[in-house]
Amino acid sequence: MKNSLLQQYRAFLKDTIRKQIDFSQTDQNRGIAPPPIQKPFDEGALITELPKTYPFKGISDINLSDAIKNRKSRRAFLKLPVSPEELSFLLWATQGIRHMVDHGHAYRTVPSAGCRHALETYLLVLNVEGLKQCVYRYLPLEHKLLFEFAGDDLEAEIVKAVYGQTYPGKAAVTFIWTAIPYRMEWRYDLAAHKVIALDAGHVCQNLYLACEAIGAGTCAIGAYDQEAMDRLLKIDGIDEFTVYMAPVGKVKN
C-alpha cells in the first residue's frame with residue numbers, strides 16, 4: 001500500500017501527464033481570452049505607493065557571485081525595520097514587471113511557464129517603516145501595495161498557521177505566495193500544476209538572493225496548515241490558495 005502511494009505521489013514530479021492532454025481543447029486553443037495577470041481590486045481601495053523601481057536608491061550593488069555564495073536560510077532576525085525602498089526592491093526582484101505584453105501576459109523579473117505567472121504576493125507586515133502591521137497584496141502592474149486587512153495579533157496567527165515555527169512572528173515581513181491555478185490551466189490544462197510549483201521556486205530563490213543585497217535574510221516555509229493559512233489571508237482555498245511563504249528580516253553581518 002505504501003509503495004503504491006509513493007508511486008502515485010512521485011508521478012506529480014514527472015511530465016507524463018502531458019501525453020494524456022488534448023492541447024487543442026485547452027481554453028487558450030479554444031480562443032477563450034486569458035485571465036488577467038493580476039487580481040482585480042475595488043476602485044476605492046486603500047493603495048500605498050512604493051518607491052519607484054530600478055534603479056533603487058540605497059540598494060547596494062552586491063556582486064552576484066557573492067550573493068550566491070552567501071545565500072543560506074536564516075531564521076534569526078534582528079529587531080530592525082525593513083525600509084520602504086528595500087521592500088520595494090524585494091517585490092520588484094520577485095514579481096516585478098519588465099514589460100507588459102497584453103491583458104494576459106507580461107515579462108517579469110522571474111521566469112514562468114508559458115509566461116502565465118499564476119502567483120499572487122501577499123505581505124504580512126510587522127516591521128516595515130511607514131507601514132502599519134497589516135496584510136497587504138502586491139499589485140505588480142502598478143508596483144503598489146493594496147491594503148487587505150489589519151489584525152489584532154498577526155504574529156500569533158502566522159506562527160500558529162505554520163505549526164508553531166516561531167521565526168515568522170519575529171520577521172519584519174513575511175512574503176506569502178498564493179496560486180490562482182486557472183491562469184496556468186488556461187494554457188496547460190492538467191499539466192499546469194507541476195509548473196506552478198516550479199514557478200514558486202524561481203520566485204523564492206530571487207528573494208533569497210535579493211535579501212543578500214539589503215543585509216536581510218529569509219527562510220522558505222513549505223510546511224503550514226493549508227486551511228489556516230487560507231483563512232488568514234481570507235481567500236477561498238479553491239480558486240486561490242497558499243502555496244509557499246518566506247519570512248524576511250534583518251540579520252547580523
# chains A, B, ... in the order shown; residues from 1 in each chain; ligands from 1
$ select_by_dssp --residues "range 9-155 of chain A" --states "alpha helix (DSSP H)" --output "ChimeraX atom specification"
/A:9-10,64-70,84-95,154-155
$ residues_around --residues "Ala93 in chain A" --least-positions-apart "5" --cutoff "8 Å" --atoms "only C-alpha atoms" --output "CSV table (one decimal) with C-alpha atoms, in the first residue's frame"
chain,number,residue,atom,x,y,z
A,109,THR,CA,11.9,39.5,-13.3
A,110,VAL,CA,11.3,35.8,-12.7
A,206,ASN,CA,15.1,35.5,-6.3
A,207,LEU,CA,14.0,36.6,-2.8
A,210,ALA,CA,17.8,39.9,-3.2
$ residues_around --residues "range 146-148 of chain A" --least-positions-apart "6" --cutoff "9 Å" --atoms "only C-alpha atoms" --output "MDAnalysis selection string"
chainID A and resid 41 45:48 122 134:139 233:234
$ select_by_dssp --residues "range 32-236 of chain A" --states "strand (DSSP E or B)" --output "ChimeraX atom specification"
/A:47-49,73,82,97-102,105-108,119-125,128,134-139,144-150,173-179,216-218,221
$ atom_distance --atom1 "CA of Cys219 in chain A" --atom2 "CA of Glu120 in chain A"
18.8 Å
$ residues_around --residues "Gly169 in chain A" --least-positions-apart "4" --cutoff "10 Å" --atoms "only C-alpha atoms" --output "mmCIF file with N, CA and C atoms, in the first residue's frame"
data_model
loop_
_atom_site.group_PDB
_atom_site.id
_atom_site.type_symbol
_atom_site.label_atom_id
_atom_site.label_comp_id
_atom_site.auth_asym_id
_atom_site.auth_seq_id
_atom_site.Cartn_x
_atom_site.Cartn_y
_atom_site.Cartn_z
ATOM 1 N N LEU A 124 2.589 39.890 4.994
ATOM 2 C CA LEU A 124 2.186 40.067 6.388
ATOM 3 C C LEU A 124 3.255 40.950 7.027
ATOM 4 N N LEU A 126 5.023 43.280 9.724
ATOM 5 C CA LEU A 126 5.144 43.504 11.156
ATOM 6 C C LEU A 126 6.094 44.648 11.492
ATOM 7 N N ASP A 153 -3.558 40.327 16.280
ATOM 8 C CA ASP A 153 -2.362 39.597 16.708
ATOM 9 C C ASP A 153 -1.832 38.780 15.540
ATOM 10 N N LEU A 154 -1.349 39.479 14.530
ATOM 11 C CA LEU A 154 -0.875 38.794 13.329
ATOM 12 C C LEU A 154 0.322 37.894 13.615
ATOM 13 N N GLU A 155 1.177 38.303 14.570
ATOM 14 C CA GLU A 155 2.337 37.469 14.908
ATOM 15 C C GLU A 155 1.892 36.085 15.351
ATOM 16 N N ALA A 156 0.922 36.049 16.269
ATOM 17 C CA ALA A 156 0.454 34.762 16.782
ATOM 18 C C ALA A 156 -0.274 33.969 15.701
ATOM 19 N N GLU A 157 -1.019 34.655 14.849
ATOM 20 C CA GLU A 157 -1.766 33.957 13.808
ATOM 21 C C GLU A 157 -0.845 33.270 12.815
ATOM 22 N N ILE A 158 0.221 33.951 12.390
ATOM 23 C CA ILE A 158 1.117 33.358 11.413
ATOM 24 C C ILE A 158 1.896 32.204 12.030
ATOM 25 N N VAL A 159 2.317 32.352 13.274
ATOM 26 C CA VAL A 159 3.043 31.272 13.945
ATOM 27 C C VAL A 159 2.158 30.035 14.085
ATOM 28 N N LYS A 160 0.927 30.230 14.492
ATOM 29 C CA LYS A 160 0.001 29.112 14.626
ATOM 30 C C LYS A 160 -0.238 28.432 13.285
ATOM 31 N N GLY A 164 3.606 26.320 14.613
ATOM 32 C CA GLY A 164 4.419 26.724 15.744
ATOM 33 C C GLY A 164 5.833 27.148 15.417
ATOM 34 N N GLN A 165 6.200 27.215 14.154
ATOM 35 C CA GLN A 165 7.513 27.759 13.802
ATOM 36 C C GLN A 165 7.517 29.245 14.175
ATOM 37 N N VAL A 173 8.728 41.147 7.730
ATOM 38 C CA VAL A 173 7.654 40.938 6.772
ATOM 39 C C VAL A 173 7.726 39.502 6.267
ATOM 40 N N THR A 174 6.579 38.884 6.096
ATOM 41 C CA THR A 174 6.531 37.549 5.509
ATOM 42 C C THR A 174 5.881 37.626 4.140
ATOM 43 N N PRO A 247 9.514 34.301 5.445
ATOM 44 C CA PRO A 247 9.703 35.468 6.312
ATOM 45 C C PRO A 247 11.030 36.151 6.006
#
$ residues_around --residues "Ile37 in chain A" --least-positions-apart "3" --cutoff "8 Å" --atoms "only C-alpha atoms" --output "PDB file with N, CA and C atoms, in the first residue's frame"
ATOM      1  N   HIS A 103      -3.226  41.933 -22.085  1.00  0.00           N
ATOM      2  CA  HIS A 103      -4.077  41.757 -20.907  1.00  0.00           C
ATOM      3  C   HIS A 103      -3.684  40.538 -20.074  1.00  0.00           C
ATOM      4  N   GLY A 104      -3.213  39.489 -20.728  1.00  0.00           N
ATOM      5  CA  GLY A 104      -2.952  38.241 -20.007  1.00  0.00           C
ATOM      6  C   GLY A 104      -1.497  37.846 -19.913  1.00  0.00           C
ATOM      7  N   HIS A 105      -0.574  38.671 -20.408  1.00  0.00           N
ATOM      8  CA  HIS A 105       0.832  38.291 -20.427  1.00  0.00           C
ATOM      9  C   HIS A 105       1.722  39.484 -20.096  1.00  0.00           C
ATOM     10  N   ALA A 106       2.772  39.225 -19.321  1.00  0.00           N
ATOM     11  CA  ALA A 106       3.779  40.244 -19.028  1.00  0.00           C
ATOM     12  C   ALA A 106       5.098  39.546 -18.736  1.00  0.00           C
ATOM     13  N   ARG A 116       2.782  32.609 -17.787  1.00  0.00           N
ATOM     14  CA  ARG A 116       1.456  32.619 -17.176  1.00  0.00           C
ATOM     15  C   ARG A 116       1.430  33.258 -15.783  1.00  0.00           C
ATOM     16  N   HIS A 117       2.488  33.135 -15.008  1.00  0.00           N
ATOM     17  CA  HIS A 117       2.586  33.812 -13.709  1.00  0.00           C
ATOM     18  C   HIS A 117       1.306  33.657 -12.880  1.00  0.00           C
ATOM     19  N   ALA A 118       1.130  32.464 -12.359  1.00  0.00           N
ATOM     20  CA  ALA A 118      -0.094  32.140 -11.619  1.00  0.00           C
ATOM     21  C   ALA A 118      -0.073  32.571 -10.162  1.00  0.00           C
ATOM     22  N   ARG A 183      -4.958  30.524 -14.170  1.00  0.00           N
ATOM     23  CA  ARG A 183      -4.046  31.260 -15.047  1.00  0.00           C
ATOM     24  C   ARG A 183      -3.132  30.307 -15.819  1.00  0.00           C
TER      25      ARG A 183
END
$ residues_around --residues "range 49-58 of chain A" --least-positions-apart "5" --cutoff "6 Å" --atoms "only C-alpha atoms" --output "PyMOL selection string"
chain A and resi 85+88+144
$ atom_distance --atom1 "CA of Phe241 in chain A" --atom2 "CA of Asp199 in chain A"
14.9 Å
$ closest_residue --among "A:Lys170, A:Lys69, A:Lys79, A:Lys194" --to "Ile17 in chain A" --atoms "only C-alpha atoms"
A:Lys194
$ atom_distance --atom1 "CA of Ala246 in chain A" --atom2 "CA of Ala171 in chain A"
9.5 Å
$ closest_residue --among "A:Glu185, A:Glu142, A:Glu212, A:Asp236" --to "Gln38 in chain A" --atoms "only C-alpha atoms"
A:Glu142
$ closest_residue --among "A:Ile68, A:Leu190, A:Ile214, A:Ala150" --to "Asp22 in chain A" --atoms "only C-alpha atoms"
A:Leu190
